[in-house]
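Below: work_37.txt (compact mmCIF, C-alpha atoms)
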# COMPACT_ATOMS: atom_id res chain seq x y z
CA MET V 90 -12.37 -26.83 -12.57
CA ALA V 91 -11.07 -27.52 -9.08
CA TYR V 92 -8.13 -25.32 -8.11
CA ASP V 93 -5.50 -25.88 -5.42
CA PHE V 94 -6.32 -22.47 -3.99
CA ASP V 95 -9.07 -19.88 -4.20
CA LEU V 96 -6.48 -17.11 -3.87
CA PHE V 97 -2.74 -17.24 -4.44
CA VAL V 98 -0.94 -14.13 -3.17
CA ILE V 99 2.53 -13.28 -4.46
CA GLY V 100 4.28 -11.11 -1.87
CA ALA V 101 3.95 -11.09 1.92
CA GLY V 102 4.08 -7.36 2.40
CA SER V 103 1.41 -5.29 4.11
CA GLY V 104 -1.18 -5.51 1.33
CA GLY V 105 -0.59 -9.17 0.49
CA VAL V 106 -0.73 -10.32 4.10
CA ARG V 107 -3.91 -8.33 4.76
CA ALA V 108 -5.65 -9.78 1.69
CA ALA V 109 -4.52 -13.32 2.52
CA ARG V 110 -5.50 -13.21 6.19
CA PHE V 111 -8.96 -11.85 5.63
CA ALA V 112 -9.66 -14.02 2.59
CA ALA V 113 -8.80 -17.06 4.70
CA GLY V 114 -11.01 -15.70 7.47
CA PHE V 115 -13.86 -15.48 4.98
CA GLY V 116 -13.45 -19.19 4.26
CA ALA V 117 -11.21 -19.12 1.18
CA LYS V 118 -8.31 -21.50 0.65
CA VAL V 119 -5.30 -19.20 0.43
CA ALA V 120 -1.56 -19.43 -0.23
CA VAL V 121 1.11 -16.75 0.07
CA ALA V 122 4.54 -16.97 -1.56
CA GLU V 123 7.42 -14.80 -0.36
CA SER V 124 11.04 -15.03 -1.42
CA ARG V 125 12.56 -12.30 0.72
CA TYR V 126 11.07 -11.37 4.10
CA LEU V 127 7.68 -11.29 5.79
CA GLY V 128 6.16 -7.84 6.21
CA GLY V 129 7.51 -6.42 2.97
CA THR V 130 9.27 -3.09 2.55
CA CYS V 131 7.50 -1.31 5.40
CA VAL V 132 8.46 -3.74 8.15
CA ASN V 133 11.95 -4.61 6.96
CA ILE V 134 13.51 -1.75 4.98
CA GLY V 135 10.89 0.97 5.11
CA CYS V 136 8.67 2.86 7.49
CA VAL V 137 9.20 0.78 10.65
CA PRO V 138 13.02 0.72 10.84
CA LYS V 139 13.10 4.25 9.43
CA LYS V 140 10.90 5.52 12.26
CA LEU V 141 13.14 3.76 14.79
CA LEU V 142 16.14 5.57 13.32
CA VAL V 143 14.19 8.85 13.37
CA TYR V 144 13.55 8.33 17.09
CA GLY V 145 17.27 7.77 17.56
CA ALA V 146 18.15 10.94 15.68
CA HIS V 147 15.59 12.96 17.63
CA VAL V 148 17.33 12.15 20.94
CA ALA V 149 19.95 14.73 20.00
CA ASP V 150 17.23 17.41 20.06
CA GLU V 151 16.04 16.28 23.48
CA LEU V 152 19.58 16.42 24.85
CA GLU V 153 20.05 19.92 23.44
CA GLN V 154 16.82 21.12 25.03
CA ALA V 155 17.49 19.52 28.41
CA ALA V 156 19.67 22.33 29.76
CA GLY V 157 16.78 24.80 29.54
CA PHE V 158 14.83 22.61 31.94
CA GLY V 159 17.60 22.39 34.50
CA TRP V 160 19.28 19.18 33.43
CA THR V 161 23.06 19.01 33.42
CA LEU V 162 24.19 16.15 31.22
CA GLU V 163 27.59 14.76 30.52
CA GLU V 164 28.55 14.75 26.88
CA GLY V 165 26.59 11.96 25.22
CA HIS V 166 28.06 9.31 22.96
CA PHE V 167 26.11 7.72 20.15
CA ASP V 168 26.84 4.17 18.99
CA TRP V 169 25.44 3.30 15.55
CA GLY V 170 26.06 -0.43 16.04
CA THR V 171 23.84 -0.55 19.11
CA LEU V 172 20.98 1.22 17.34
CA ILE V 173 21.18 -1.08 14.31
CA ALA V 174 21.41 -4.23 16.44
CA ASN V 175 18.38 -3.20 18.47
CA LYS V 176 16.52 -2.31 15.29
CA ASN V 177 17.34 -5.70 13.78
CA ARG V 178 16.04 -7.48 16.86
CA GLU V 179 12.73 -5.61 16.63
CA ILE V 180 12.38 -6.40 12.92
CA GLU V 181 12.97 -10.09 13.62
CA ARG V 182 10.21 -9.95 16.24
CA LEU V 183 7.83 -8.38 13.73
CA ASN V 184 8.73 -11.01 11.11
CA GLY V 185 7.64 -13.65 13.59
CA ILE V 186 4.38 -11.84 14.24
CA TYR V 187 3.61 -11.71 10.52
CA ARG V 188 4.37 -15.41 10.19
CA ASN V 189 2.03 -16.25 13.06
CA LEU V 190 -0.71 -14.01 11.65
CA LEU V 191 -0.63 -15.92 8.37
CA VAL V 192 -0.26 -19.43 9.72
CA ASN V 193 -2.86 -18.95 12.47
CA SER V 194 -5.29 -17.66 9.84
CA GLY V 195 -5.02 -20.95 7.98
CA VAL V 196 -2.93 -19.54 5.11
CA THR V 197 -0.41 -21.81 3.38
CA LEU V 198 2.94 -20.00 3.50
CA LEU V 199 5.39 -20.88 0.74
CA THR V 200 9.00 -19.71 0.95
CA GLY V 201 10.51 -19.04 -2.46
CA HIS V 202 10.22 -16.99 -5.62
CA ALA V 203 6.82 -17.23 -7.27
CA ARG V 204 6.50 -17.02 -11.04
CA ILE V 205 3.20 -16.91 -12.90
CA THR V 206 3.10 -19.61 -15.58
CA GLY V 207 -0.46 -19.10 -16.74
CA ALA V 208 -3.71 -17.28 -16.05
CA ASN V 209 -4.42 -19.62 -13.13
CA GLU V 210 -1.05 -21.16 -12.37
CA VAL V 211 1.97 -20.19 -10.25
CA GLU V 212 5.30 -21.96 -9.87
CA VAL V 213 7.32 -21.79 -6.64
CA GLU V 214 10.67 -23.57 -6.41
CA GLY V 215 9.73 -25.99 -9.18
CA GLN V 216 6.31 -26.82 -7.72
CA ARG V 217 3.23 -25.67 -9.62
CA TYR V 218 -0.02 -24.57 -7.99
CA SER V 219 -3.36 -23.68 -9.54
CA ALA V 220 -5.53 -20.86 -8.27
CA ALA V 221 -8.88 -19.34 -9.16
CA ASN V 222 -7.42 -15.89 -8.42
CA ILE V 223 -3.83 -14.68 -8.35
CA LEU V 224 -2.99 -11.49 -6.45
CA ILE V 225 0.26 -9.67 -7.24
CA ALA V 226 1.48 -7.69 -4.22
CA THR V 227 5.22 -7.60 -4.87
CA GLY V 228 5.77 -3.93 -4.01
CA GLY V 229 8.49 -1.62 -5.24
CA TRP V 230 12.27 -1.38 -5.34
CA PRO V 231 14.67 1.59 -5.24
CA GLN V 232 16.29 2.61 -8.48
CA VAL V 233 19.52 4.50 -9.08
CA PRO V 234 20.09 6.46 -12.31
CA ASP V 235 22.39 4.79 -14.80
CA ILE V 236 25.51 6.92 -14.30
CA PRO V 237 29.19 5.94 -14.11
CA GLY V 238 29.90 4.75 -10.58
CA LYS V 239 26.28 3.97 -9.68
CA GLU V 240 27.46 0.76 -8.00
CA LEU V 241 29.28 2.88 -5.41
CA ALA V 242 26.01 4.43 -4.17
CA ILE V 243 23.56 2.92 -1.71
CA THR V 244 19.77 3.09 -1.36
CA SER V 245 17.39 2.72 1.56
CA ASN V 246 17.79 -1.06 1.21
CA GLU V 247 21.43 -0.89 2.30
CA ALA V 248 21.22 2.12 4.63
CA PHE V 249 19.57 0.10 7.39
CA TYR V 250 22.51 -2.30 7.49
CA LEU V 251 25.53 -0.01 7.29
CA LYS V 252 28.23 -1.25 9.67
CA ASP V 253 29.20 2.27 10.67
CA LEU V 254 27.64 5.71 10.54
CA PRO V 255 29.34 7.57 7.66
CA ARG V 256 31.11 10.77 8.68
CA ARG V 257 30.00 12.62 5.52
CA VAL V 258 26.81 11.72 3.64
CA LEU V 259 25.51 12.98 0.32
CA VAL V 260 21.77 12.29 -0.01
CA VAL V 261 20.42 12.54 -3.56
CA GLY V 262 16.69 13.06 -4.15
CA GLY V 263 13.80 15.37 -3.41
CA GLY V 264 11.07 13.05 -2.14
CA TYR V 265 10.10 12.11 1.39
CA ILE V 266 12.64 9.26 1.63
CA ALA V 267 15.51 11.60 0.77
CA VAL V 268 14.34 14.25 3.23
CA GLU V 269 13.80 11.70 6.01
CA PHE V 270 17.18 10.01 5.65
CA ALA V 271 18.97 13.33 5.42
CA GLY V 272 17.43 14.18 8.79
CA ILE V 273 18.39 10.80 10.22
CA PHE V 274 22.02 11.02 9.15
CA GLN V 275 22.40 14.61 10.29
CA GLY V 276 20.60 14.02 13.58
CA LEU V 277 22.91 11.13 14.40
CA GLY V 278 25.98 13.28 13.78
CA ALA V 279 26.92 12.92 10.11
CA ASP V 280 27.89 15.95 8.01
CA THR V 281 24.95 15.83 5.60
CA THR V 282 24.30 17.35 2.19
CA LEU V 283 20.93 16.99 0.47
CA LEU V 284 21.14 17.36 -3.30
CA TYR V 285 18.10 17.68 -5.57
CA ARG V 286 17.86 18.41 -9.27
CA GLY V 287 14.75 20.63 -8.90
CA ASP V 288 14.16 24.08 -7.45
CA LEU V 289 12.77 22.78 -4.14
CA PHE V 290 12.19 19.34 -2.64
CA LEU V 291 8.88 17.57 -1.84
CA ARG V 292 7.17 18.33 -5.14
CA GLY V 293 3.41 17.91 -4.74
CA PHE V 294 3.33 19.05 -1.12
CA ASP V 295 1.92 22.43 -0.12
CA GLY V 296 4.21 25.30 -1.07
CA SER V 297 4.22 26.76 2.44
CA VAL V 298 5.23 23.38 3.85
CA ARG V 299 8.10 22.99 1.39
CA THR V 300 9.46 26.46 2.03
CA HIS V 301 9.11 26.21 5.80
CA LEU V 302 10.92 22.87 5.98
CA LYS V 303 13.75 24.26 3.82
CA GLU V 304 14.19 27.14 6.25
CA GLU V 305 14.19 24.86 9.28
CA LEU V 306 16.69 22.42 7.78
CA GLU V 307 18.99 25.32 6.96
CA LYS V 308 18.71 26.50 10.59
CA ARG V 309 19.94 23.05 11.62
CA GLY V 310 22.97 23.43 9.40
CA MET V 311 22.04 21.02 6.64
CA ASP V 312 23.69 21.76 3.30
CA LEU V 313 20.88 21.98 0.73
CA GLN V 314 21.93 21.86 -2.92
CA PHE V 315 19.06 22.55 -5.33
CA ASN V 316 19.14 22.56 -9.14
CA ALA V 317 22.05 20.14 -8.93
CA ASP V 318 22.57 16.61 -10.21
CA ILE V 319 25.37 14.05 -10.22
CA GLN V 320 27.11 13.14 -13.46
CA ARG V 321 29.43 10.45 -12.11
CA ILE V 322 30.78 8.92 -8.87
CA ASP V 323 34.40 7.90 -8.38
CA LYS V 324 36.17 6.18 -5.50
CA LEU V 325 39.24 7.98 -4.20
CA ASP V 326 42.43 6.38 -2.88
CA ASP V 327 41.42 6.98 0.74
CA GLY V 328 38.11 5.14 0.21
CA SER V 329 35.94 8.24 0.09
CA LEU V 330 33.65 9.02 -2.85
CA LYS V 331 33.85 11.95 -5.23
CA ALA V 332 30.60 13.03 -6.85
CA THR V 333 31.10 15.13 -9.95
CA LEU V 334 28.06 17.30 -10.63
CA LYS V 335 26.72 18.21 -14.05
CA ASP V 336 27.78 21.81 -13.44
CA GLY V 337 31.38 20.68 -12.92
CA ARG V 338 31.51 21.02 -9.14
CA GLU V 339 32.87 18.16 -7.04
CA LEU V 340 31.54 16.95 -3.68
CA VAL V 341 33.41 14.44 -1.52
CA ALA V 342 31.60 12.15 0.92
CA ASP V 343 31.97 8.80 2.62
CA CYS V 344 28.53 7.67 1.49
CA VAL V 345 26.31 8.60 -1.46
CA PHE V 346 22.69 7.70 -0.72
CA TYR V 347 20.19 7.69 -3.60
CA ALA V 348 16.45 8.19 -3.06
CA THR V 349 15.37 9.11 -6.57
CA GLY V 350 12.31 6.96 -7.01
CA ARG V 351 11.08 3.38 -6.85
CA ARG V 352 10.08 0.99 -9.60
CA PRO V 353 7.51 -1.85 -9.42
CA MET V 354 9.11 -5.17 -8.48
CA LEU V 355 8.20 -7.31 -11.51
CA ASP V 356 11.49 -9.18 -11.94
CA ASN V 357 11.01 -12.73 -13.24
CA LEU V 358 7.33 -12.59 -12.31
CA GLY V 359 6.23 -14.30 -15.52
CA LEU V 360 3.90 -11.57 -16.75
CA GLU V 361 4.80 -12.54 -20.31
CA ASN V 362 2.78 -15.71 -19.70
CA THR V 363 -0.35 -13.68 -18.99
CA GLY V 364 -2.47 -10.96 -20.51
CA VAL V 365 -1.40 -8.49 -17.81
CA GLU V 366 -0.58 -5.05 -19.23
CA LEU V 367 1.57 -2.28 -17.77
CA ASP V 368 0.72 1.41 -17.84
CA GLU V 369 2.90 4.11 -19.40
CA ARG V 370 4.94 4.38 -16.18
CA GLY V 371 5.67 0.67 -16.01
CA PHE V 372 3.23 -0.18 -13.20
CA ILE V 373 0.60 -2.92 -13.50
CA ARG V 374 -2.59 -1.58 -15.04
CA VAL V 375 -5.70 -2.35 -12.95
CA ASP V 376 -9.32 -1.24 -12.90
CA GLU V 377 -11.22 0.14 -9.93
CA GLN V 378 -11.50 -3.34 -8.45
CA TYR V 379 -7.76 -4.06 -8.81
CA GLN V 380 -8.35 -6.48 -11.66
CA THR V 381 -5.64 -6.53 -14.32
CA THR V 382 -6.22 -7.00 -18.03
CA ALA V 383 -6.07 -10.74 -17.27
CA PRO V 384 -9.40 -11.35 -15.45
CA SER V 385 -8.08 -13.96 -12.98
CA ILE V 386 -5.09 -11.82 -11.91
CA LEU V 387 -5.31 -8.85 -9.54
CA ALA V 388 -2.71 -6.43 -8.21
CA ILE V 389 -2.50 -4.03 -5.25
CA GLY V 390 -0.03 -1.82 -3.42
CA ASP V 391 3.10 -0.15 -4.72
CA VAL V 392 3.16 -2.38 -7.79
CA ILE V 393 0.13 -0.52 -9.24
CA GLY V 394 1.65 2.91 -8.56
CA ARG V 395 -1.39 4.69 -7.15
CA VAL V 396 -0.79 5.94 -3.61
CA GLN V 397 2.36 4.23 -2.38
CA LEU V 398 1.64 4.15 1.35
CA THR V 399 1.37 1.14 3.67
CA PRO V 400 -2.14 1.99 5.00
CA VAL V 401 -3.37 2.33 1.41
CA ALA V 402 -2.01 -1.13 0.52
CA LEU V 403 -3.77 -2.51 3.61
CA ALA V 404 -7.05 -0.94 2.51
CA GLU V 405 -6.62 -2.30 -1.02
CA GLY V 406 -5.89 -5.79 0.32
CA MET V 407 -9.01 -5.67 2.45
CA ALA V 408 -11.09 -4.49 -0.50
CA VAL V 409 -9.90 -7.41 -2.66
CA ALA V 410 -10.61 -9.98 0.05
CA ARG V 411 -14.08 -8.63 0.64
CA ARG V 412 -15.02 -8.31 -3.02
CA LEU V 413 -13.96 -11.87 -3.80
CA PHE V 414 -15.11 -13.71 -0.70
CA LYS V 415 -17.42 -11.45 1.34
CA PRO V 416 -19.10 -9.19 -1.24
CA GLU V 417 -21.80 -8.01 1.15
CA GLN V 418 -19.06 -6.24 3.14
CA TYR V 419 -17.26 -4.79 0.13
CA ARG V 420 -16.69 -1.06 -0.15
CA PRO V 421 -14.23 0.66 -2.47
CA VAL V 422 -11.12 2.38 -1.18
CA ASP V 423 -11.55 6.14 -0.88
CA TYR V 424 -8.38 7.82 -2.13
CA GLN V 425 -9.54 11.30 -1.12
CA ASN V 426 -8.21 13.00 2.01
CA ILE V 427 -5.56 10.40 2.86
CA PRO V 428 -3.55 11.70 5.85
CA THR V 429 0.19 11.25 5.58
CA ALA V 430 3.36 12.22 7.38
CA VAL V 431 6.95 12.86 6.41
CA PHE V 432 9.25 12.02 9.31
CA SER V 433 11.71 14.76 8.54
CA GLN V 434 13.14 16.82 11.37
CA PRO V 435 10.93 18.68 12.03
CA PRO V 436 8.20 16.34 10.73
CA ILE V 437 5.38 17.10 8.31
CA GLY V 438 1.74 16.10 8.65
CA THR V 439 -0.74 16.76 5.86
CA VAL V 440 -4.24 15.82 4.74
CA GLY V 441 -6.47 17.08 1.93
CA LEU V 442 -5.72 19.59 -0.79
CA THR V 443 -2.69 21.82 -0.93
CA GLU V 444 -3.26 25.51 -1.62
CA GLU V 445 -2.01 24.96 -5.16
CA GLN V 446 -4.31 21.98 -5.77
CA ALA V 447 -7.34 23.84 -4.42
CA LEU V 448 -6.73 26.77 -6.73
CA GLN V 449 -6.12 24.48 -9.69
CA ALA V 450 -9.42 22.71 -8.95
CA GLY V 451 -11.23 26.05 -9.23
CA HIS V 452 -11.91 26.72 -5.56
CA LYS V 453 -12.01 30.26 -4.26
CA VAL V 454 -9.85 29.79 -1.18
CA GLN V 455 -9.13 31.41 2.12
CA ILE V 456 -5.78 30.60 3.71
CA PHE V 457 -5.25 30.52 7.46
CA GLU V 458 -1.59 30.20 8.37
CA SER V 459 0.31 30.40 11.64
CA ARG V 460 4.01 30.19 12.45
CA PHE V 461 5.09 30.10 16.07
CA ARG V 462 7.83 28.94 18.40
CA ALA V 463 6.63 25.92 20.34
CA MET V 464 6.11 26.35 24.09
CA LYS V 465 8.65 23.61 24.79
CA LEU V 466 11.39 25.71 23.19
CA THR V 467 10.73 28.92 25.14
CA LEU V 468 13.16 27.86 27.89
CA THR V 469 15.87 27.11 25.34
CA ASP V 470 17.83 29.04 22.74
CA ILE V 471 16.41 26.96 19.89
CA GLN V 472 14.62 29.11 17.32
CA GLU V 473 12.73 26.39 15.40
CA LYS V 474 9.22 27.37 14.39
CA THR V 475 6.10 25.30 13.80
CA LEU V 476 3.88 25.90 10.77
CA MET V 477 0.14 25.22 10.72
CA LYS V 478 -2.07 25.92 7.74
CA LEU V 479 -5.71 25.52 6.75
CA VAL V 480 -6.99 25.73 3.18
CA VAL V 481 -10.68 26.67 3.21
CA ASP V 482 -13.27 26.95 0.43
CA ALA V 483 -14.43 30.57 0.66
CA ASP V 484 -17.88 29.78 -0.74
CA THR V 485 -18.82 26.69 1.30
CA ASP V 486 -16.57 27.22 4.37
CA LYS V 487 -15.45 23.60 3.97
CA VAL V 488 -11.90 22.85 5.12
CA LEU V 489 -10.11 21.46 2.06
CA GLY V 490 -6.66 20.86 3.53
CA CYS V 491 -4.70 20.83 6.77
CA HIS V 492 -0.90 21.07 6.79
CA MET V 493 1.67 21.14 9.58
CA VAL V 494 5.42 21.20 10.03
CA GLY V 495 6.52 20.72 13.62
CA PRO V 496 6.79 18.23 16.50
CA ASP V 497 4.16 15.46 16.52
CA ALA V 498 2.75 16.60 13.17
CA GLY V 499 1.88 13.04 12.18
CA GLU V 500 0.06 12.38 15.46
CA ILE V 501 -1.95 15.61 15.20
CA ILE V 502 -2.89 15.27 11.54
CA GLN V 503 -4.49 11.85 12.06
CA GLY V 504 -7.40 13.35 14.00
CA LEU V 505 -7.80 16.12 11.46
CA GLY V 506 -8.03 13.46 8.76
CA ILE V 507 -11.26 12.29 10.38
CA ALA V 508 -12.59 15.84 10.41
CA LEU V 509 -11.89 16.30 6.70
CA LYS V 510 -13.38 12.90 5.89
CA ALA V 511 -16.53 14.04 7.69
CA GLY V 512 -16.63 17.28 5.67
CA ALA V 513 -15.90 19.68 8.52
CA THR V 514 -16.24 23.42 7.97
CA LYS V 515 -14.01 26.20 9.25
CA GLN V 516 -16.85 27.28 11.54
CA GLN V 517 -16.86 23.83 13.12
CA PHE V 518 -13.11 24.07 13.62
CA ASP V 519 -13.63 27.49 15.23
CA GLU V 520 -16.37 26.18 17.52
CA THR V 521 -14.23 23.27 18.72
CA ILE V 522 -12.65 24.04 22.09
CA GLY V 523 -8.89 23.63 22.06
CA VAL V 524 -6.76 21.50 24.36
CA HIS V 525 -4.59 23.99 26.25
CA PRO V 526 -1.66 24.39 26.27
CA THR V 527 -0.84 22.36 23.17
CA ALA V 528 0.36 23.07 19.68
CA ALA V 529 -2.66 21.24 18.29
CA GLU V 530 -5.07 23.88 19.61
CA GLU V 531 -3.71 26.31 17.02
CA PHE V 532 -5.76 24.47 14.39
CA VAL V 533 -8.98 25.55 16.14
CA THR V 534 -7.89 29.07 17.11
CA MET V 535 -6.74 30.49 13.77
CA ARG V 536 -9.24 33.27 13.07
CA THR V 537 -7.51 35.70 10.72
CA VAL V 538 -7.35 35.05 7.01
CA THR V 539 -3.72 35.19 5.92
CA ARG V 540 -4.60 35.62 2.26
As structure tokens, how would this structure be written, given the file I've shared?
Amino acid sequence: MAYDFDLFVIGAGSGGVRAARFAAGFGAKVAVAESRYLGGTCVNIGCVPKKLLVYGAHVADELEQAAGFGWTLEEGHFDWGTLIANKNREIERLNGIYRNLLVNSGVTLLTGHARITGANEVEVEGQRYSAANILIATGGWPQVPDIPGKELAITSNEAFYLKDLPRRVLVVGGGYIAVEFAGIFQGLGADTTLLYRGDLFLRGFDGSVRTHLKEELEKRGMDLQFNADIQRIDKLDDGSLKATLKDGRELVADCVFYATGRRPMLDNLGLENTGVELDERGFIRVDEQYQTTAPSILAIGDVIGRVQLTPVALAEGMAVARRLFKPEQYRPVDYQNIPTAVFSQPPIGTVGLTEEQALQAGHKVQIFESRFRAMKLTLTDIQEKTLMKLVVDADTDKVLGCHMVGPDAGEIIQGLGIALKAGATKQQFDETIGVHPTAAEEFVTMRTVTR
């Protein structure tokens, strides 16, 4: 049977665009349908605008440190509207780049909601298209618990478009999005409370990292409320919001921001017309080659719920394009030792196993840990400390994990990700000459086993 397209991609986010571009480059006839915005969550309401806001928040630190280096500055004034307008202009520029990438690759770009109507058929705005392969790359969407007053809360979707910076913000959640936005709001001048229902935020990260970040956020004056959850939200006469907690306490804020998880975006996708199955968490079930239980339909990215990171979606999109249209270049995605960063303030960089994971996997471990005040802060009164940690297999000397909390953690951890991918040993770390004076050199100068 002759199909309209060899590959029909639903969703023009990072993974979908990567798969479409490279499939077209391999000679396939490709279409992409997108109903919202080009670039997906990351470019529009995710990592890119978030990082721009993090940069804005970090300026406050630079201003505070300036006096120690001889700078006398007049009292600064921050304007939220200017930051958001500049951010919007940059996002529009990136949208145009994504459009050009697709069109110049020979991809047919369709604007509108795509709905699967059969194993090899998709409908967009009333027009039906046939395809040998359909790729679902629709990403995820924030979800707010079903409590009274949930409509009064916002998520990351709305936070990037607030008209004004709230004076008092209550951030709810314990994942990286909650921690990052709490840092953004506080750094830009809002009175910020971070509320989490568990004992300590960032579950799944190394215990030393979690504890260290808690201590540093408390030094900065952030109100951390653990083992706490909201029962209901009410709007007061003055327009502020009252959050009633399950323990009976009441917190008043101008904005309640929820970052309590994301669900796969499957709304009106037409999966009922296919043999596609979902897993127990509600994500699309796929095999190792991203094929769903319907052989002609594939899925990648956040919608499959594996590792929900933009670079991972890019790698998955590339793998699909190669397997289908350039099999001699195909290689599976390696989910081990994926470096990642949390752009909290201070930021986190991590790659490999946590101490807890290494022990659970049966490794006999040696821990090398260092906490120190960065050189840049020695001329200031700021007492923030950097944490660096290595998790080492005591029997093989192989470095199993690298973890950092401190300035430029994400930049530093990227290079260490290569080292772990290559199987570096602690001896090789020790024999690597450090770049002096830098914080990064601490990773190759830690000699004493902490425990």
Self-check item: Cut-off 12 Å around (-21.4, 31.4, 8.5) with all atoms listed in the file: residues as a count of residues only
Solution: 11
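With all atoms listed in the file taken into account, the protein and nucleic acid residues at most 12 Å from Thr521 in chain V (excluding it and anything under 5 positions from it in its own chain) are Ala508, Ala513, Thr514, Lys515, Gln516, Ala529, Glu530, Glu531, Phe532, Val533, Thr534 and Met535 of chain V.
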Exercise. Rank V:Phe346, V:Phe290, V:Phe457, V:Phe518 by their smallest atom-to-atom distance to Arg540 in chain V, using all atoms listed in the file, and report the top residue only.
Key: V:Phe457
Exercise. Within 9 Å of range 300-316 of chain V, counting all atoms listed in the file, which residues show up once you throw out same-chain ones fewer than 2 positions away? Write them as a ChimeraX atom specification, please.
Key: /V:271-272,275,280-290,295-298,318,433-437,472-476,494
Taking C-alpha atoms for each residue, export the selection above as a compact mmCIF listing (two decimals), in the frame of the given file.
# COMPACT_ATOMS: atom_id res chain seq x y z
CA ALA V 271 18.97 13.33 5.42
CA GLY V 272 17.43 14.18 8.79
CA GLN V 275 22.40 14.61 10.29
CA ASP V 280 27.89 15.95 8.01
CA THR V 281 24.95 15.83 5.60
CA THR V 282 24.30 17.35 2.19
CA LEU V 283 20.93 16.99 0.47
CA LEU V 284 21.14 17.36 -3.30
CA TYR V 285 18.10 17.68 -5.57
CA ARG V 286 17.86 18.41 -9.27
CA GLY V 287 14.75 20.63 -8.90
CA ASP V 288 14.16 24.08 -7.45
CA LEU V 289 12.77 22.78 -4.14
CA PHE V 290 12.19 19.34 -2.64
CA ASP V 295 1.92 22.43 -0.12
CA GLY V 296 4.21 25.30 -1.07
CA SER V 297 4.22 26.76 2.44
CA VAL V 298 5.23 23.38 3.85
CA ASP V 318 22.57 16.61 -10.21
CA SER V 433 11.71 14.76 8.54
CA GLN V 434 13.14 16.82 11.37
CA PRO V 435 10.93 18.68 12.03
CA PRO V 436 8.20 16.34 10.73
CA ILE V 437 5.38 17.10 8.31
CA GLN V 472 14.62 29.11 17.32
CA GLU V 473 12.73 26.39 15.40
CA LYS V 474 9.22 27.37 14.39
CA THR V 475 6.10 25.30 13.80
CA LEU V 476 3.88 25.90 10.77
CA VAL V 494 5.42 21.20 10.03
Exercise. Skip Arg188 in chain V itself and residues of its chain fewer than 5 positions away, then list as a list of chain:residue names all residues within 10 Å of it, counting all atoms listed in the file.
Key: V:Ala101, V:Val106, V:Tyr126, V:Leu127, V:Gly128, V:Leu183, V:Asn193, V:Ser194, V:Val196, V:Leu198
Quiz item: Using all atoms listed in the file, which residues sit within 7 Å of range 137-147 of chain V once same-chain residues fewer than 5 positions away are excluded, as a ChimeraX atom specification?
Solution: /V:131-132,176,273,276-277
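Atom to atom, CA of Lys252 in chain V and CA of Leu330 in chain V stand 17.1 Å apart.
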Practice problem: Go ahead and compute the interatomic distance for CA of Arg110 in chain V and CA of Gly406 in chain V, in Å to one decimal. | Solution: 9.5 Å
Exercise. Pick out the closest residue to Leu509 in chain V from this set: V:Ala528, V:Asn246, V:Leu387, V:Val488. Count all atoms listed in the file.
Key: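 Smallest distance to Leu509 in chain V is found for V:Val488.
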Quiz prompt | Proximity to Asn362 in chain V - best of V:Thr206, V:Asp150, V:Ile501, V:Trp160, all atoms listed in the file | solution = V:Thr206
Quiz item: Within 10 Å of Glu361 in chain V, counting all atoms listed in the file, which residues qualify if same-chain residues fewer than 3 places away don't, as a list in words?
Solution: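 Result of the neighbour search: Ile205, Thr206, Gly207, Asn357, Leu358, Gly364, Val365 and Glu366 of chain V.
Residue nearest Gly129 in chain V, chosen from V:Asp95, V:Phe249, V:Asn184, V:Gln397 and counting all atoms listed in the file: V:Asn184.
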Quiz prompt | Nearest residue to Gln503 in chain V from the set V:Thr227, V:Asn175, V:Thr439, V:Thr469 (distances using all atoms listed in the file) | solution = V:Thr439
